[in-house]
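First comes the structure, then the notes that go with it.
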Amino acid sequence: MPLLDAVLSLSEAPARHEALQRILRALARVTAADALSVLTAADDGSVAVTAQIGLSPATRGLCFRPAEHPRLRRATLATGPIRFLDPSEPDPYSGWLLGNAGEIHPIHACMAVPLRVEDRLAGLLTLDACDPHGLRDLRDEEARVFAGLCAAALRLDASPAPAPEARRLVSPAPGAPAVPGRSAGMQRVEREIAVLAPLPLPVLVTGETGVGKELVARALHERSPRASRPLVVVNCAAIPAALVESELFGHRKGAFTGATAARAGRFEAARGGTVFLDEVGELPLAAQAQLLRVLQEGEIQPVGDDRAHRVEARVVAATNRDLRREVDEGRFRADLFHRLWVYPICVPPLRERREDIPALCERFAAGFAAELGARRVDFTEAALRALAQHDWPGNVRELKHAVERAVLSRTVADGESAAGRELVLRLEDVAPWAGERSRAPQIEPPGPWPLDAARERPVEPLAETLERARREAFARAFQAAGGNAAMAGRLLGLSRSFAYKEAVRLGLLPGPEPQRR
C-alpha cells in the first residue's frame, strides 16, 4: 500500500532525505507523474531542491527565487494544492526531466502543494507529468496527505546518528574521511581537502572520468564555512553552447526568443555557497570570459542586462582534460587556467588503489539495498576478489553501476522482490560486470540446415518473436520489482514512464480509467 509505505517512512527512515525519497516513491506509485520533488524554503525566501524523482541528478541543491518564477510564487502563497493550467507560464523544471533534454511541452500536467510547519512555509511538493491528464486521478485530498507527510519529514534531523551496522556500510562516523578510501592516494586527497576546504580560494579537481571528482567537491563545500548555503552542481558538458551564459549567469525577460520570464543563473542560486563546475574544460570561450570576471571581480552580467551584479560564491571546478594542452591549442583561456590552477587536487584512478574496492563495493551495495528495501547485501570472497582484480576503466562510477546491476541480477535470478530479504552476491552475479565470462561463447558456423528440423519447429515472423521476448522481459522485470514501475524501468534500462506505458500496452498492467466527462 503506497500510503502505508509513506507513513512508515517517517519511523523507519534514518534521515530526512531518505524519508522524503521514500514518500516520493510511494506517491509515484499512485500517479503517472514523470517527476516529483520536494523543495525546502530558506530564510531569504528562496526554495531549493532537497529530494526528487525523475529529474536530473544535477538538480540536487538547485535554488529558485519564487519572485522570478510565476508558478513557484503562486505555490508559496497558496493555502492548498494548486494545479497550473496556464500554458504560458514557464515551468521551472524545463530541461531538467530525465530523458527530456529540451523544454517541457507547455501542455502538460503540473501541480504543487505548500508544505507548512507550525504555520510557516517549510517548502513545496511538486508533481509534473508530460501527459496532460497524468495527474487527473490524484485528488487534492490525497495530495494534502502526502504533503503532510513531507512536511513531517522536514522536521526530522537531516543527518541523525546511524545505527552501528549502517554506519559501517553507509554513513561515515564522526571524524571519518570526507572521501572513501584507505589507499595512500586517497589519504593524500583527504589531507588536501582538510587544508583547502576552509579557504575561499577556487579549487580545480582533476582526474579520469568516474573517479569521484564531485564527491571531492561536496566534501570541500561541506567542510567549509559555506556548508549551510547551497551547493549548486553544473555539468558544463550537458548545456548547449548557446545556453551556457544564460544557465550560469541568468537572463532577463525578453533577452532572447523564448525568454518569457527572467531567470536567475546558477551563480545567483548559489549565493553565499559554492558552484561546482563539472567538466569546466567544455565551456565555450565566451563563457570562460564571464567566469574569469566572476573570479576576478565577483560580478556577473545576466544575458540581456546592461548592468553587472555582485555575486559571492566559491568556485570549485573539475575536468578530465589536460587543461595545459587545451591552453596550448587555444581552446581554454590561459588567464582562467591560472586563476583555477591555484592548488589542483588530483584524484587517482581506481586501478591505482585496488585496496579501496572491497569497502566501496560494500558501501554501494548497502546504499542500493536501502533503496530496494532489502535488509542487507553481502558478498562472497570470490565475488569481492573478482571485483578487486578488474581494471574498471570507468572507475568508481562504473564500479557502482556494476554492483547495482549485480544486486538486480541476483534479485531477478531469485524471482522475487528484494524487499525485506538478505541478498548474497556470488561470483556468477558479478563476473559479467567485472570482465570475467563477459565474452559471448563462440558459435561454430552451422552446416546445411535439414528441412525436417524446419518443419518440426515452424518459423514465425520476426516481429512476433521480438514481441514475445519483449513481453517476457517486461513480465520478469515487473515481477522482480514487485510491480513498481520505476524499479522495473531501472532493471530494463528504461524510464519509469516508458516502462509503465509499455507494460500497459503489453497487458501486464491495467490501463488508466477513461476520462470522465
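Numbering starts fresh at 1 for the residues of each chain in the C-alpha cells, the chains themselves are lettered A, B, ... in the order given, and ligands are numbered from 1 as they appear.
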Could you list, as a VMD selection string, every residue within 10 Å of Thr59 in chain A, counting only C-alpha atoms and ignoring same-chain residues fewer than 6 positions away? chain A and resid 37 48 to 52 93 96 to 97 232 to 234
Selected residues, N, CA and C atoms, written as a compact mmCIF listing (two decimals), in the first residue's frame, please.
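Result file follows (result.txt):
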# COMPACT_ATOMS: atom_id res chain seq x y z
N SER A 37 9.15 16.34 -6.76
CA SER A 37 10.23 16.94 -5.99
C SER A 37 9.71 17.56 -4.70
N ALA A 48 14.92 25.41 -2.48
CA ALA A 48 15.96 24.58 -3.07
C ALA A 48 15.50 23.13 -3.12
N VAL A 49 15.89 22.43 -4.18
CA VAL A 49 15.51 21.03 -4.35
C VAL A 49 16.23 20.18 -3.31
N THR A 50 15.46 19.46 -2.50
CA THR A 50 16.00 18.62 -1.44
C THR A 50 15.89 17.14 -1.78
N ALA A 51 14.79 16.75 -2.42
CA ALA A 51 14.58 15.36 -2.83
C ALA A 51 13.82 15.37 -4.15
N GLN A 52 14.07 14.37 -5.00
CA GLN A 52 13.40 14.36 -6.29
C GLN A 52 13.42 12.96 -6.89
N TYR A 93 11.21 23.54 -14.11
CA TYR A 93 11.97 22.33 -14.38
C TYR A 93 12.14 22.05 -15.87
N TRP A 96 15.00 19.81 -17.28
CA TRP A 96 15.60 19.04 -16.18
C TRP A 96 15.05 17.63 -16.06
N LEU A 97 13.99 17.29 -16.82
CA LEU A 97 13.44 15.94 -16.71
C LEU A 97 14.41 14.93 -17.30
N VAL A 232 25.60 24.25 -5.68
CA VAL A 232 24.94 24.12 -6.98
C VAL A 232 25.88 23.42 -7.94
N VAL A 233 25.43 22.28 -8.46
CA VAL A 233 26.25 21.45 -9.35
C VAL A 233 25.86 21.74 -10.80
N VAL A 234 26.84 22.02 -11.63
CA VAL A 234 26.61 22.34 -13.04
C VAL A 234 27.46 21.41 -13.88
List as number ranges by chain the protein and nucleic acid residues near Gly80 in chain A, meaning an atom at most 7 Å away when only C-alpha atoms are counted, but skip any in the same chain fewer than 2 places from it. A: 78, 82, 113-114
Hey, can you check how far CA of Asp306 in chain A sits from CA of Asp91 in chain A?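 Rounded to one decimal, the two atoms are 25.9 Å apart.
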May I ask which of the residues A:His251, A:Arg314, A:Arg470, A:Arg331 is the closest one to Gly298 in chain A, counting only C-alpha atoms?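 For Gly298 in chain A, the nearest of the candidates is A:Arg314.
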Would you mind telling me which residue in A:Leu115, A:Leu149, A:Val47, A:Ala217 lies nearest to Leu24 in chain A when using only C-alpha atoms? A:Leu149
From the options A:Pro92, A:Asp119, A:Leu138, A:Leu204, which residue's atoms come nearest to Pro344 in chain A, counting only C-alpha atoms?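 Comparing A:Pro92, A:Asp119, A:Leu138, A:Leu204 against Pro344 in chain A, the winner is A:Leu204.
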What does the distance between CA of Leu425 in chain A and CA of Phe379 in chain A come to in Å, to one decimal place?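 Spanning CA of Leu425 in chain A to CA of Phe379 in chain A is a straight-line distance of 4.8 Å.
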Do you know which residues are at most 9 Å from range 398-400 of chain A counting only C-alpha atoms, after dropping those on the same chain fewer than 6 positions away, and could you put them as a list of chain:residue names? A:Gly210, A:Ile357, A:Leu360, A:Cys361, A:Phe364, A:Ala365, A:Leu387, A:Trp392, A:Trp433, A:Ala434
Mind listing the helix (DSSP H, G or I) residues of range 156-352 of chain A, per DSSP on the backbone, as number ranges by chain? A: 164-169, 184-196, 213-222, 236-238, 241-249, 266-269, 280-282, 285-297, 323-328, 334-340, 350-352
Work out how far CA of Val294 in chain A is from CA of Arg310 in chain A, in Å to one decimal.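 One can read the CA of Arg310 in chain A to CA of Val294 in chain A distance as 8.8 Å.
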Excluding Pro393 in chain A and residues on its chain fewer than 3 positions from it, collect all residues at most 12 Å away from it, counting only C-alpha atoms, and give them as a ChimeraX atom specification. /A:208-211,349-352,390,396-399,434-435
Output N, CA and C atoms for every residue in the selection just made, as a PDB file, in the first residue's frame.
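Okay, again.pdb is ready:
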ATOM      1  N   GLU A 208      40.454  11.155 -14.034  1.00  0.00           N
ATOM      2  CA  GLU A 208      39.738  10.490 -15.110  1.00  0.00           C
ATOM      3  C   GLU A 208      38.235  10.510 -14.846  1.00  0.00           C
ATOM      4  N   THR A 209      37.476  10.212 -15.871  1.00  0.00           N
ATOM      5  CA  THR A 209      36.030  10.128 -15.737  1.00  0.00           C
ATOM      6  C   THR A 209      35.651   9.070 -14.706  1.00  0.00           C
ATOM      7  N   GLY A 210      34.753   9.447 -13.789  1.00  0.00           N
ATOM      8  CA  GLY A 210      34.215   8.483 -12.845  1.00  0.00           C
ATOM      9  C   GLY A 210      35.024   8.245 -11.587  1.00  0.00           C
ATOM     10  N   VAL A 211      36.085   9.035 -11.335  1.00  0.00           N
ATOM     11  CA  VAL A 211      36.910   8.771 -10.150  1.00  0.00           C
ATOM     12  C   VAL A 211      36.306   9.333  -8.864  1.00  0.00           C
ATOM     13  N   PRO A 349      42.981   7.162 -10.256  1.00  0.00           N
ATOM     14  CA  PRO A 349      42.026   6.189 -10.806  1.00  0.00           C
ATOM     15  C   PRO A 349      41.936   4.952  -9.917  1.00  0.00           C
ATOM     16  N   LEU A 350      40.862   4.202 -10.075  1.00  0.00           N
ATOM     17  CA  LEU A 350      40.600   3.062  -9.210  1.00  0.00           C
ATOM     18  C   LEU A 350      41.630   1.957  -9.379  1.00  0.00           C
ATOM     19  N   ARG A 351      42.197   1.810 -10.571  1.00  0.00           N
ATOM     20  CA  ARG A 351      43.175   0.748 -10.794  1.00  0.00           C
ATOM     21  C   ARG A 351      44.462   0.979 -10.010  1.00  0.00           C
ATOM     22  N   GLU A 352      44.672   2.224  -9.541  1.00  0.00           N
ATOM     23  CA  GLU A 352      45.861   2.529  -8.735  1.00  0.00           C
ATOM     24  C   GLU A 352      45.593   2.441  -7.241  1.00  0.00           C
ATOM     25  N   HIS A 390      39.504  -6.427 -11.321  1.00  0.00           N
ATOM     26  CA  HIS A 390      39.138  -5.777 -12.584  1.00  0.00           C
ATOM     27  C   HIS A 390      39.759  -4.381 -12.662  1.00  0.00           C
ATOM     28  N   VAL A 396      35.172   4.637 -10.283  1.00  0.00           N
ATOM     29  CA  VAL A 396      34.208   4.420  -9.208  1.00  0.00           C
ATOM     30  C   VAL A 396      32.781   4.385  -9.759  1.00  0.00           C
ATOM     31  N   ARG A 397      32.497   5.223 -10.736  1.00  0.00           N
ATOM     32  CA  ARG A 397      31.143   5.237 -11.297  1.00  0.00           C
ATOM     33  C   ARG A 397      30.804   3.892 -11.921  1.00  0.00           C
ATOM     34  N   GLU A 398      31.745   3.317 -12.681  1.00  0.00           N
ATOM     35  CA  GLU A 398      31.500   2.013 -13.303  1.00  0.00           C
ATOM     36  C   GLU A 398      31.353   0.929 -12.240  1.00  0.00           C
ATOM     37  N   LEU A 399      32.173   0.983 -11.186  1.00  0.00           N
ATOM     38  CA  LEU A 399      32.069   0.007 -10.102  1.00  0.00           C
ATOM     39  C   LEU A 399      30.704   0.097  -9.429  1.00  0.00           C
ATOM     40  N   ALA A 434      32.376  -7.636 -14.086  1.00  0.00           N
ATOM     41  CA  ALA A 434      33.775  -7.435 -13.703  1.00  0.00           C
ATOM     42  C   ALA A 434      34.730  -7.936 -14.772  1.00  0.00           C
ATOM     43  N   GLY A 435      34.207  -8.211 -15.965  1.00  0.00           N
ATOM     44  CA  GLY A 435      35.092  -8.544 -17.077  1.00  0.00           C
ATOM     45  C   GLY A 435      35.300 -10.020 -17.279  1.00  0.00           C
TER      46      GLY A 435
END
